[in-house]
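A quick write-up on the structure given underneath.
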Amino acid sequence: DAKTTQPNSMESNEEEPVHLPCNHSTISGTDYIHWYRQLPSQGPEYVIHGLTSNVNNRMASLAIAEDRKSSTLILHRATLRDAAVYYCILRPRNDMRFGAGTRLTVKP
Amino acid sequence: SAVISQKPSRDICQRGTSLTIQCQVDSQVTMMFWYRQQPGQSLTLIATANQGSEATYESGFVIDKFPISRPNLTFSTLTVSNMSPEDSSIYLCSHHRGLNTEAFFGQGTRLTVV
């Protein structure tokens, strides 16, 4: 299975954009790229997903490199509530496997 | 979306006993999944539970320790058997409807074994 690599932690200031990177150099052509986040003391929640094209939703944007070997989750204006662990996950099959994720700290 | 209700939300159990965790989905789903999250760690997949077939366990997890039931398309249980302090973790259930869909997670069961 293809692996993902994310920075262990990142910091952001409130109301500023945040770019969370994910490397997946061994991704296969049919692997979907999913992002989830886990707020303290909660189960993971879906953020966004895509296959080849960039995607936007009310929570975030997902920018996928042309060669698909990396992607970036963009939070356009970070709030204190966005402080969480963000997981970049490849889905070649129905089961989902989590890496270590990136712990995002948002400073007021 | 299909909401997942998981219970209990937390429990403190004596070593050697068993605890059954329940997961209820408010609509029919084929695929359900169980995860363990050890303190300060990421989620680890325990098993996939599809209705009408035996659960499929990941390496390091066995049916005798973590028996799973999936009696219908809206319900599943995970039992943590013969517990030891090393089983103290958060256990979560999840479901989705395919690769191109979002997955939903329960709020988790925080288990402490003393």
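In the structure tokens, chains take letters A, B, ... by order of appearance, with residues numbered from 1 within each chain and ligands from 1 in the order shown.
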**OP:** With a distance threshold of 6 Å and counting only C-alpha atoms, extract the residues of chain B near chain A and express them as a ChimeraX atom specification.
**Re:** /B:42-43,99,105-107
Would you export the selected residues with C-alpha atoms as an mmCIF file, in the first residue's frame, please?
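The resulting part_13.cif:
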data_model
loop_
_atom_site.group_PDB
_atom_site.id
_atom_site.type_symbol
_atom_site.label_atom_id
_atom_site.label_comp_id
_atom_site.auth_asym_id
_atom_site.auth_seq_id
_atom_site.Cartn_x
_atom_site.Cartn_y
_atom_site.Cartn_z
ATOM 1 C CA SER B 42 -3.250 7.350 15.836
ATOM 2 C CA LEU B 43 -6.064 4.970 14.937
ATOM 3 C CA LEU B 99 -14.130 4.751 -1.827
ATOM 4 C CA PHE B 105 -17.058 7.661 13.006
ATOM 5 C CA GLY B 106 -18.624 7.103 16.363
ATOM 6 C CA GLN B 107 -17.517 9.236 19.272
#
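The space separating atom CA of Ile64 of chain A from atom CA of Ser94 of chain B comes to 25.9 Å.
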Quick one: residues within 12 Å of His76 of chain A, only C-alpha atoms counted, chain neighbours fewer than 3 positions away excluded, as a PDB file with all heavy atoms, in the first residue's frame?
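Now in out-v8.pdb:
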ATOM      1  N   SER A  12      -0.371  27.826  13.363  1.00  0.00           N
ATOM      2  CA  SER A  12      -0.975  28.868  12.548  1.00  0.00           C
ATOM      3  C   SER A  12      -1.536  29.936  13.467  1.00  0.00           C
ATOM      4  O   SER A  12      -1.846  29.671  14.631  1.00  0.00           O
ATOM      5  CB  SER A  12      -2.103  28.283  11.696  1.00  0.00           C
ATOM      6  OG  SER A  12      -2.829  29.313  11.052  1.00  0.00           O
ATOM      7  N   ASN A  13      -1.670  31.125  12.926  1.00  0.00           N
ATOM      8  CA  ASN A  13      -2.348  32.193  13.650  1.00  0.00           C
ATOM      9  C   ASN A  13      -3.812  32.212  13.243  1.00  0.00           C
ATOM     10  O   ASN A  13      -4.187  31.899  12.102  1.00  0.00           O
ATOM     11  CB  ASN A  13      -1.710  33.549  13.342  1.00  0.00           C
ATOM     12  CG  ASN A  13      -0.302  33.648  13.878  1.00  0.00           C
ATOM     13  OD1 ASN A  13      -0.023  33.234  14.994  1.00  0.00           O
ATOM     14  ND2 ASN A  13       0.599  34.187  13.067  1.00  0.00           N
ATOM     15  N   GLU A  14      -4.634  32.579  14.209  1.00  0.00           N
ATOM     16  CA  GLU A  14      -6.062  32.656  13.943  1.00  0.00           C
ATOM     17  C   GLU A  14      -6.342  33.613  12.795  1.00  0.00           C
ATOM     18  O   GLU A  14      -5.692  34.646  12.647  1.00  0.00           O
ATOM     19  CB  GLU A  14      -6.776  33.122  15.218  1.00  0.00           C
ATOM     20  CG  GLU A  14      -8.258  32.885  15.233  1.00  0.00           C
ATOM     21  CD  GLU A  14      -8.892  33.272  16.565  1.00  0.00           C
ATOM     22  OE1 GLU A  14      -8.216  33.916  17.389  1.00  0.00           O
ATOM     23  OE2 GLU A  14     -10.063  32.923  16.776  1.00  0.00           O
ATOM     24  N   GLU A  15      -7.313  33.238  11.963  1.00  0.00           N
ATOM     25  CA  GLU A  15      -7.782  34.018  10.817  1.00  0.00           C
ATOM     26  C   GLU A  15      -6.786  34.082   9.670  1.00  0.00           C
ATOM     27  O   GLU A  15      -7.020  34.812   8.699  1.00  0.00           O
ATOM     28  CB  GLU A  15      -8.209  35.426  11.253  1.00  0.00           C
ATOM     29  CG  GLU A  15      -9.362  35.412  12.248  1.00  0.00           C
ATOM     30  CD  GLU A  15      -9.914  36.787  12.532  1.00  0.00           C
ATOM     31  OE1 GLU A  15      -9.450  37.760  11.913  1.00  0.00           O
ATOM     32  OE2 GLU A  15     -10.827  36.895  13.364  1.00  0.00           O
ATOM     33  N   GLU A  16      -5.726  33.323   9.734  1.00  0.00           N
ATOM     34  CA  GLU A  16      -4.792  33.224   8.615  1.00  0.00           C
ATOM     35  C   GLU A  16      -4.976  31.892   7.901  1.00  0.00           C
ATOM     36  O   GLU A  16      -5.456  30.917   8.487  1.00  0.00           O
ATOM     37  CB  GLU A  16      -3.352  33.362   9.106  1.00  0.00           C
ATOM     38  CG  GLU A  16      -3.024  34.766   9.583  1.00  0.00           C
ATOM     39  CD  GLU A  16      -1.554  34.922   9.930  1.00  0.00           C
ATOM     40  OE1 GLU A  16      -0.814  33.924   9.871  1.00  0.00           O
ATOM     41  OE2 GLU A  16      -1.164  36.052  10.260  1.00  0.00           O
ATOM     42  N   PRO A  17      -4.583  31.818   6.613  1.00  0.00           N
ATOM     43  CA  PRO A  17      -4.702  30.545   5.902  1.00  0.00           C
ATOM     44  C   PRO A  17      -3.665  29.539   6.394  1.00  0.00           C
ATOM     45  O   PRO A  17      -2.587  29.923   6.865  1.00  0.00           O
ATOM     46  CB  PRO A  17      -4.448  30.934   4.440  1.00  0.00           C
ATOM     47  CG  PRO A  17      -3.659  32.198   4.513  1.00  0.00           C
ATOM     48  CD  PRO A  17      -4.117  32.918   5.738  1.00  0.00           C
ATOM     49  N   VAL A  18      -4.026  28.277   6.288  1.00  0.00           N
ATOM     50  CA  VAL A  18      -3.138  27.175   6.677  1.00  0.00           C
ATOM     51  C   VAL A  18      -3.025  26.206   5.517  1.00  0.00           C
ATOM     52  O   VAL A  18      -4.039  25.821   4.927  1.00  0.00           O
ATOM     53  CB  VAL A  18      -3.682  26.410   7.902  1.00  0.00           C
ATOM     54  CG1 VAL A  18      -2.707  25.319   8.320  1.00  0.00           C
ATOM     55  CG2 VAL A  18      -3.948  27.361   9.056  1.00  0.00           C
ATOM     56  N   HIS A  19      -1.808  25.809   5.210  1.00  0.00           N
ATOM     57  CA  HIS A  19      -1.552  24.840   4.153  1.00  0.00           C
ATOM     58  C   HIS A  19      -0.919  23.609   4.793  1.00  0.00           C
ATOM     59  O   HIS A  19       0.223  23.651   5.256  1.00  0.00           O
ATOM     60  CB  HIS A  19      -0.626  25.426   3.082  1.00  0.00           C
ATOM     61  CG  HIS A  19      -1.262  26.504   2.266  1.00  0.00           C
ATOM     62  ND1 HIS A  19      -1.255  26.502   0.887  1.00  0.00           N
ATOM     63  CD2 HIS A  19      -1.949  27.616   2.613  1.00  0.00           C
ATOM     64  CE1 HIS A  19      -1.908  27.559   0.438  1.00  0.00           C
ATOM     65  NE2 HIS A  19      -2.327  28.253   1.459  1.00  0.00           N
ATOM     66  N   LEU A  20      -1.651  22.515   4.801  1.00  0.00           N
ATOM     67  CA  LEU A  20      -1.171  21.276   5.406  1.00  0.00           C
ATOM     68  C   LEU A  20      -0.728  20.329   4.295  1.00  0.00           C
ATOM     69  O   LEU A  20      -1.546  19.856   3.506  1.00  0.00           O
ATOM     70  CB  LEU A  20      -2.287  20.627   6.240  1.00  0.00           C
ATOM     71  CG  LEU A  20      -2.762  21.459   7.434  1.00  0.00           C
ATOM     72  CD1 LEU A  20      -4.081  20.927   7.967  1.00  0.00           C
ATOM     73  CD2 LEU A  20      -1.713  21.443   8.528  1.00  0.00           C
ATOM     74  N   ASN A  56     -13.134  21.778  -3.625  1.00  0.00           N
ATOM     75  CA  ASN A  56     -13.488  22.780  -2.622  1.00  0.00           C
ATOM     76  C   ASN A  56     -14.781  22.367  -1.942  1.00  0.00           C
ATOM     77  O   ASN A  56     -15.696  21.838  -2.583  1.00  0.00           O
ATOM     78  CB  ASN A  56     -13.691  24.154  -3.271  1.00  0.00           C
ATOM     79  CG  ASN A  56     -12.457  24.652  -3.964  1.00  0.00           C
ATOM     80  OD1 ASN A  56     -11.438  24.909  -3.344  1.00  0.00           O
ATOM     81  ND2 ASN A  56     -12.548  24.782  -5.277  1.00  0.00           N
ATOM     82  N   ASN A  57     -14.863  22.594  -0.639  1.00  0.00           N
ATOM     83  CA  ASN A  57     -16.134  22.484   0.066  1.00  0.00           C
ATOM     84  C   ASN A  57     -16.182  23.558   1.136  1.00  0.00           C
ATOM     85  O   ASN A  57     -15.280  24.403   1.225  1.00  0.00           O
ATOM     86  CB  ASN A  57     -16.370  21.070   0.609  1.00  0.00           C
ATOM     87  CG  ASN A  57     -15.397  20.665   1.706  1.00  0.00           C
ATOM     88  OD1 ASN A  57     -14.777  21.515   2.357  1.00  0.00           O
ATOM     89  ND2 ASN A  57     -15.263  19.370   1.907  1.00  0.00           N
ATOM     90  N   ARG A  58     -17.218  23.502   1.956  1.00  0.00           N
ATOM     91  CA  ARG A  58     -17.398  24.595   2.908  1.00  0.00           C
ATOM     92  C   ARG A  58     -16.323  24.603   3.982  1.00  0.00           C
ATOM     93  O   ARG A  58     -16.087  25.613   4.638  1.00  0.00           O
ATOM     94  CB  ARG A  58     -18.778  24.480   3.550  1.00  0.00           C
ATOM     95  CG  ARG A  58     -18.972  23.236   4.356  1.00  0.00           C
ATOM     96  CD  ARG A  58     -20.317  23.207   5.081  1.00  0.00           C
ATOM     97  NE  ARG A  58     -20.490  21.989   5.849  1.00  0.00           N
ATOM     98  CZ  ARG A  58     -19.943  21.787   7.032  1.00  0.00           C
ATOM     99  NH1 ARG A  58     -19.199  22.721   7.594  1.00  0.00           N
ATOM    100  NH2 ARG A  58     -20.144  20.655   7.672  1.00  0.00           N
ATOM    101  N   MET A  59     -15.668  23.477   4.180  1.00  0.00           N
ATOM    102  CA  MET A  59     -14.663  23.408   5.238  1.00  0.00           C
ATOM    103  C   MET A  59     -13.280  23.784   4.754  1.00  0.00           C
ATOM    104  O   MET A  59     -12.510  24.410   5.487  1.00  0.00           O
ATOM    105  CB  MET A  59     -14.598  21.997   5.824  1.00  0.00           C
ATOM    106  CG  MET A  59     -15.741  21.604   6.701  1.00  0.00           C
ATOM    107  SD  MET A  59     -15.514  19.964   7.394  1.00  0.00           S
ATOM    108  CE  MET A  59     -14.138  20.223   8.490  1.00  0.00           C
ATOM    109  N   ALA A  60     -12.926  23.339   3.533  1.00  0.00           N
ATOM    110  CA  ALA A  60     -11.540  23.462   3.088  1.00  0.00           C
ATOM    111  C   ALA A  60     -11.432  23.306   1.578  1.00  0.00           C
ATOM    112  O   ALA A  60     -12.421  23.061   0.899  1.00  0.00           O
ATOM    113  CB  ALA A  60     -10.696  22.377   3.775  1.00  0.00           C
ATOM    114  N   SER A  61     -10.191  23.425   1.103  1.00  0.00           N
ATOM    115  CA  SER A  61      -9.868  23.121  -0.283  1.00  0.00           C
ATOM    116  C   SER A  61      -8.779  22.064  -0.304  1.00  0.00           C
ATOM    117  O   SER A  61      -7.951  22.001   0.612  1.00  0.00           O
ATOM    118  CB  SER A  61      -9.376  24.370  -1.020  1.00  0.00           C
ATOM    119  OG  SER A  61     -10.401  25.324  -1.114  1.00  0.00           O
ATOM    120  N   LEU A  62      -8.802  21.245  -1.327  1.00  0.00           N
ATOM    121  CA  LEU A  62      -7.790  20.215  -1.513  1.00  0.00           C
ATOM    122  C   LEU A  62      -7.111  20.472  -2.850  1.00  0.00           C
ATOM    123  O   LEU A  62      -7.778  20.464  -3.896  1.00  0.00           O
ATOM    124  CB  LEU A  62      -8.416  18.823  -1.503  1.00  0.00           C
ATOM    125  CG  LEU A  62      -7.481  17.652  -1.803  1.00  0.00           C
ATOM    126  CD1 LEU A  62      -6.357  17.579  -0.783  1.00  0.00           C
ATOM    127  CD2 LEU A  62      -8.271  16.333  -1.827  1.00  0.00           C
ATOM    128  N   LEU A  73      -3.918  20.307   1.957  1.00  0.00           N
ATOM    129  CA  LEU A  73      -5.211  20.720   2.506  1.00  0.00           C
ATOM    130  C   LEU A  73      -5.102  22.185   2.887  1.00  0.00           C
ATOM    131  O   LEU A  73      -4.163  22.579   3.583  1.00  0.00           O
ATOM    132  CB  LEU A  73      -5.559  19.891   3.733  1.00  0.00           C
ATOM    133  CG  LEU A  73      -6.859  20.268   4.431  1.00  0.00           C
ATOM    134  CD1 LEU A  73      -8.053  19.902   3.553  1.00  0.00           C
ATOM    135  CD2 LEU A  73      -6.975  19.597   5.791  1.00  0.00           C
ATOM    136  N   THR A  79      -9.496  29.005  12.504  1.00  0.00           N
ATOM    137  CA  THR A  79     -10.113  29.434  13.757  1.00  0.00           C
ATOM    138  C   THR A  79      -9.593  28.546  14.869  1.00  0.00           C
ATOM    139  O   THR A  79      -8.978  27.497  14.613  1.00  0.00           O
ATOM    140  CB  THR A  79     -11.645  29.330  13.699  1.00  0.00           C
ATOM    141  OG1 THR A  79     -12.001  27.942  13.650  1.00  0.00           O
ATOM    142  CG2 THR A  79     -12.192  30.046  12.464  1.00  0.00           C
ATOM    143  N   ASP A  82     -10.345  24.945  14.689  1.00  0.00           N
ATOM    144  CA  ASP A  82      -9.651  24.094  13.724  1.00  0.00           C
ATOM    145  C   ASP A  82      -8.445  23.383  14.325  1.00  0.00           C
ATOM    146  O   ASP A  82      -7.794  22.575  13.647  1.00  0.00           O
ATOM    147  CB  ASP A  82      -9.193  24.926  12.519  1.00  0.00           C
ATOM    148  CG  ASP A  82     -10.362  25.414  11.678  1.00  0.00           C
ATOM    149  OD1 ASP A  82     -11.339  24.655  11.513  1.00  0.00           O
ATOM    150  OD2 ASP A  82     -10.293  26.565  11.189  1.00  0.00           O
TER     151      ASP A  82
END
**OP:** Select from chain A everything DSSP, run on the backbone, classes as strand (DSSP E), then give the selection as a PyMOL selection string.
**Re:** chain A and resi 9-13+18-23+32-38+45-50+55-56+61-64+70-75+84-91+102-107
Original post:
atom CA of Ser9 of chain B and atom CA of Phe75 of chain B are how many Å apart?
Top reply: 16.3 Å
Original post:
Any idea what's packed within 12 Å of Thr56 of chain B, counting only C-alpha atoms, ignoring anything in its chain fewer than 6 positions away? Could you give it as a ChimeraX atom specification?
Top reply: /A:95 /B:31-34,45-50,62-63,66-70
Could you build a table of the residues in segment 15-43 of chain B lying no more than 7 Å from segment 84-92 of chain B, giving for each the nearest pair of atoms and their separation in Å rounded to one decimal place, using only C-alpha atoms, ordered by chain and ascending residue number, as CSV?
residue,atom,partner,partner_atom,distance
B:Arg15,CA,B:Ser84,CA,4.9
B:Gly16,CA,B:Ser84,CA,6.4
B:Trp34,CA,B:Leu92,CA,5.7
B:Tyr35,CA,B:Leu92,CA,5.1
B:Arg36,CA,B:Tyr91,CA,4.6
B:Gln37,CA,B:Ile90,CA,5.0
B:Gln38,CA,B:Ser89,CA,4.6
B:Pro39,CA,B:Ser89,CA,6.2
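Of the listed residues (B:Val25, B:Ile4, B:Leu73, B:Val80), B:Val80 comes nearest to Phe61 of chain B; the distances count only C-alpha atoms.
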Hey, what's within 8 Å of Gln6 of chain B if we count only C-alpha atoms and toss same-chain stuff fewer than 6 positions away? As a PDB file with N, CA, C and O atoms, in the first residue's frame, please?
ATOM      1  N   ILE B  21     -18.918  -3.396  23.241  1.00  0.00           N
ATOM      2  CA  ILE B  21     -19.177  -2.045  22.747  1.00  0.00           C
ATOM      3  C   ILE B  21     -20.170  -2.144  21.597  1.00  0.00           C
ATOM      4  O   ILE B  21     -20.023  -2.997  20.717  1.00  0.00           O
ATOM      5  N   GLN B  22     -21.167  -1.268  21.617  1.00  0.00           N
ATOM      6  CA  GLN B  22     -22.215  -1.325  20.607  1.00  0.00           C
ATOM      7  C   GLN B  22     -22.138  -0.124  19.682  1.00  0.00           C
ATOM      8  O   GLN B  22     -21.830   0.993  20.106  1.00  0.00           O
ATOM      9  N   CYS B  23     -22.447  -0.360  18.431  1.00  0.00           N
ATOM     10  CA  CYS B  23     -22.476   0.694  17.419  1.00  0.00           C
ATOM     11  C   CYS B  23     -23.769   0.584  16.635  1.00  0.00           C
ATOM     12  O   CYS B  23     -24.050  -0.451  16.041  1.00  0.00           O
ATOM     13  N   GLN B  24     -24.533   1.669  16.621  1.00  0.00           N
ATOM     14  CA  GLN B  24     -25.817   1.697  15.933  1.00  0.00           C
ATOM     15  C   GLN B  24     -25.772   2.794  14.872  1.00  0.00           C
ATOM     16  O   GLN B  24     -25.415   3.930  15.176  1.00  0.00           O
ATOM     17  N   LEU B  92     -13.237   2.753  18.468  1.00  0.00           N
ATOM     18  CA  LEU B  92     -14.149   3.507  17.613  1.00  0.00           C
ATOM     19  C   LEU B  92     -14.712   2.621  16.512  1.00  0.00           C
ATOM     20  O   LEU B  92     -14.018   1.762  15.978  1.00  0.00           O
ATOM     21  N   CYS B  93     -15.952   2.873  16.162  1.00  0.00           N
ATOM     22  CA  CYS B  93     -16.535   2.220  15.000  1.00  0.00           C
ATOM     23  C   CYS B  93     -16.712   3.242  13.882  1.00  0.00           C
ATOM     24  O   CYS B  93     -16.746   4.458  14.129  1.00  0.00           O
ATOM     25  N   GLY B 106     -18.002   6.885  15.085  1.00  0.00           N
ATOM     26  CA  GLY B 106     -18.624   7.103  16.363  1.00  0.00           C
ATOM     27  C   GLY B 106     -17.732   7.970  17.242  1.00  0.00           C
ATOM     28  O   GLY B 106     -16.580   8.254  16.897  1.00  0.00           O
ATOM     29  N   GLN B 107     -18.279   8.360  18.375  1.00  0.00           N
ATOM     30  CA  GLN B 107     -17.517   9.236  19.272  1.00  0.00           C
ATOM     31  C   GLN B 107     -16.474   8.483  20.083  1.00  0.00           C
ATOM     32  O   GLN B 107     -15.631   9.096  20.733  1.00  0.00           O
ATOM     33  N   GLY B 108     -16.521   7.176  20.020  1.00  0.00           N
ATOM     34  CA  GLY B 108     -15.510   6.388  20.708  1.00  0.00           C
ATOM     35  C   GLY B 108     -15.942   5.920  22.085  1.00  0.00           C
ATOM     36  O   GLY B 108     -16.800   6.524  22.734  1.00  0.00           O
ATOM     37  N   THR B 109     -15.325   4.816  22.513  1.00  0.00           N
ATOM     38  CA  THR B 109     -15.504   4.276  23.859  1.00  0.00           C
ATOM     39  C   THR B 109     -14.150   4.309  24.547  1.00  0.00           C
ATOM     40  O   THR B 109     -13.214   3.659  24.090  1.00  0.00           O
TER      41      THR B 109
END
Subject >> Atom pair atom CA of Leu39 of chain A / atom CA of Ser70 of chain A: separation (Å) >> reply: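 Those two atoms sit 24.0 Å apart.
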**OP:** For each of A:Lys107, A:Cys22, A:Ala78, A:Thr72, take the minimum atom-to-atom distance to Thr5 of chain A, counting only C-alpha atoms, then give the residue where this is smallest.
**Re:**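 Smallest distance to Thr5 of chain A is found for A:Cys22.
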**OP:** Can you work out which one of A:Asn54, A:Pro40, A:Ser71, A:Asn8 has the shortest atom-to-atom distance to Asn23 of chain A, counting only C-alpha atoms?
**Re:** A:Ser71
Original post:
From the set B:Ser59, B:Met83, B:Phe104, B:Arg97, which residue has the shortest atom-to-atom contact distance to Ile12 of chain B, counting only C-alpha atoms?
Top reply: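 Closest to Ile12 of chain B of all the choices is B:Met83.
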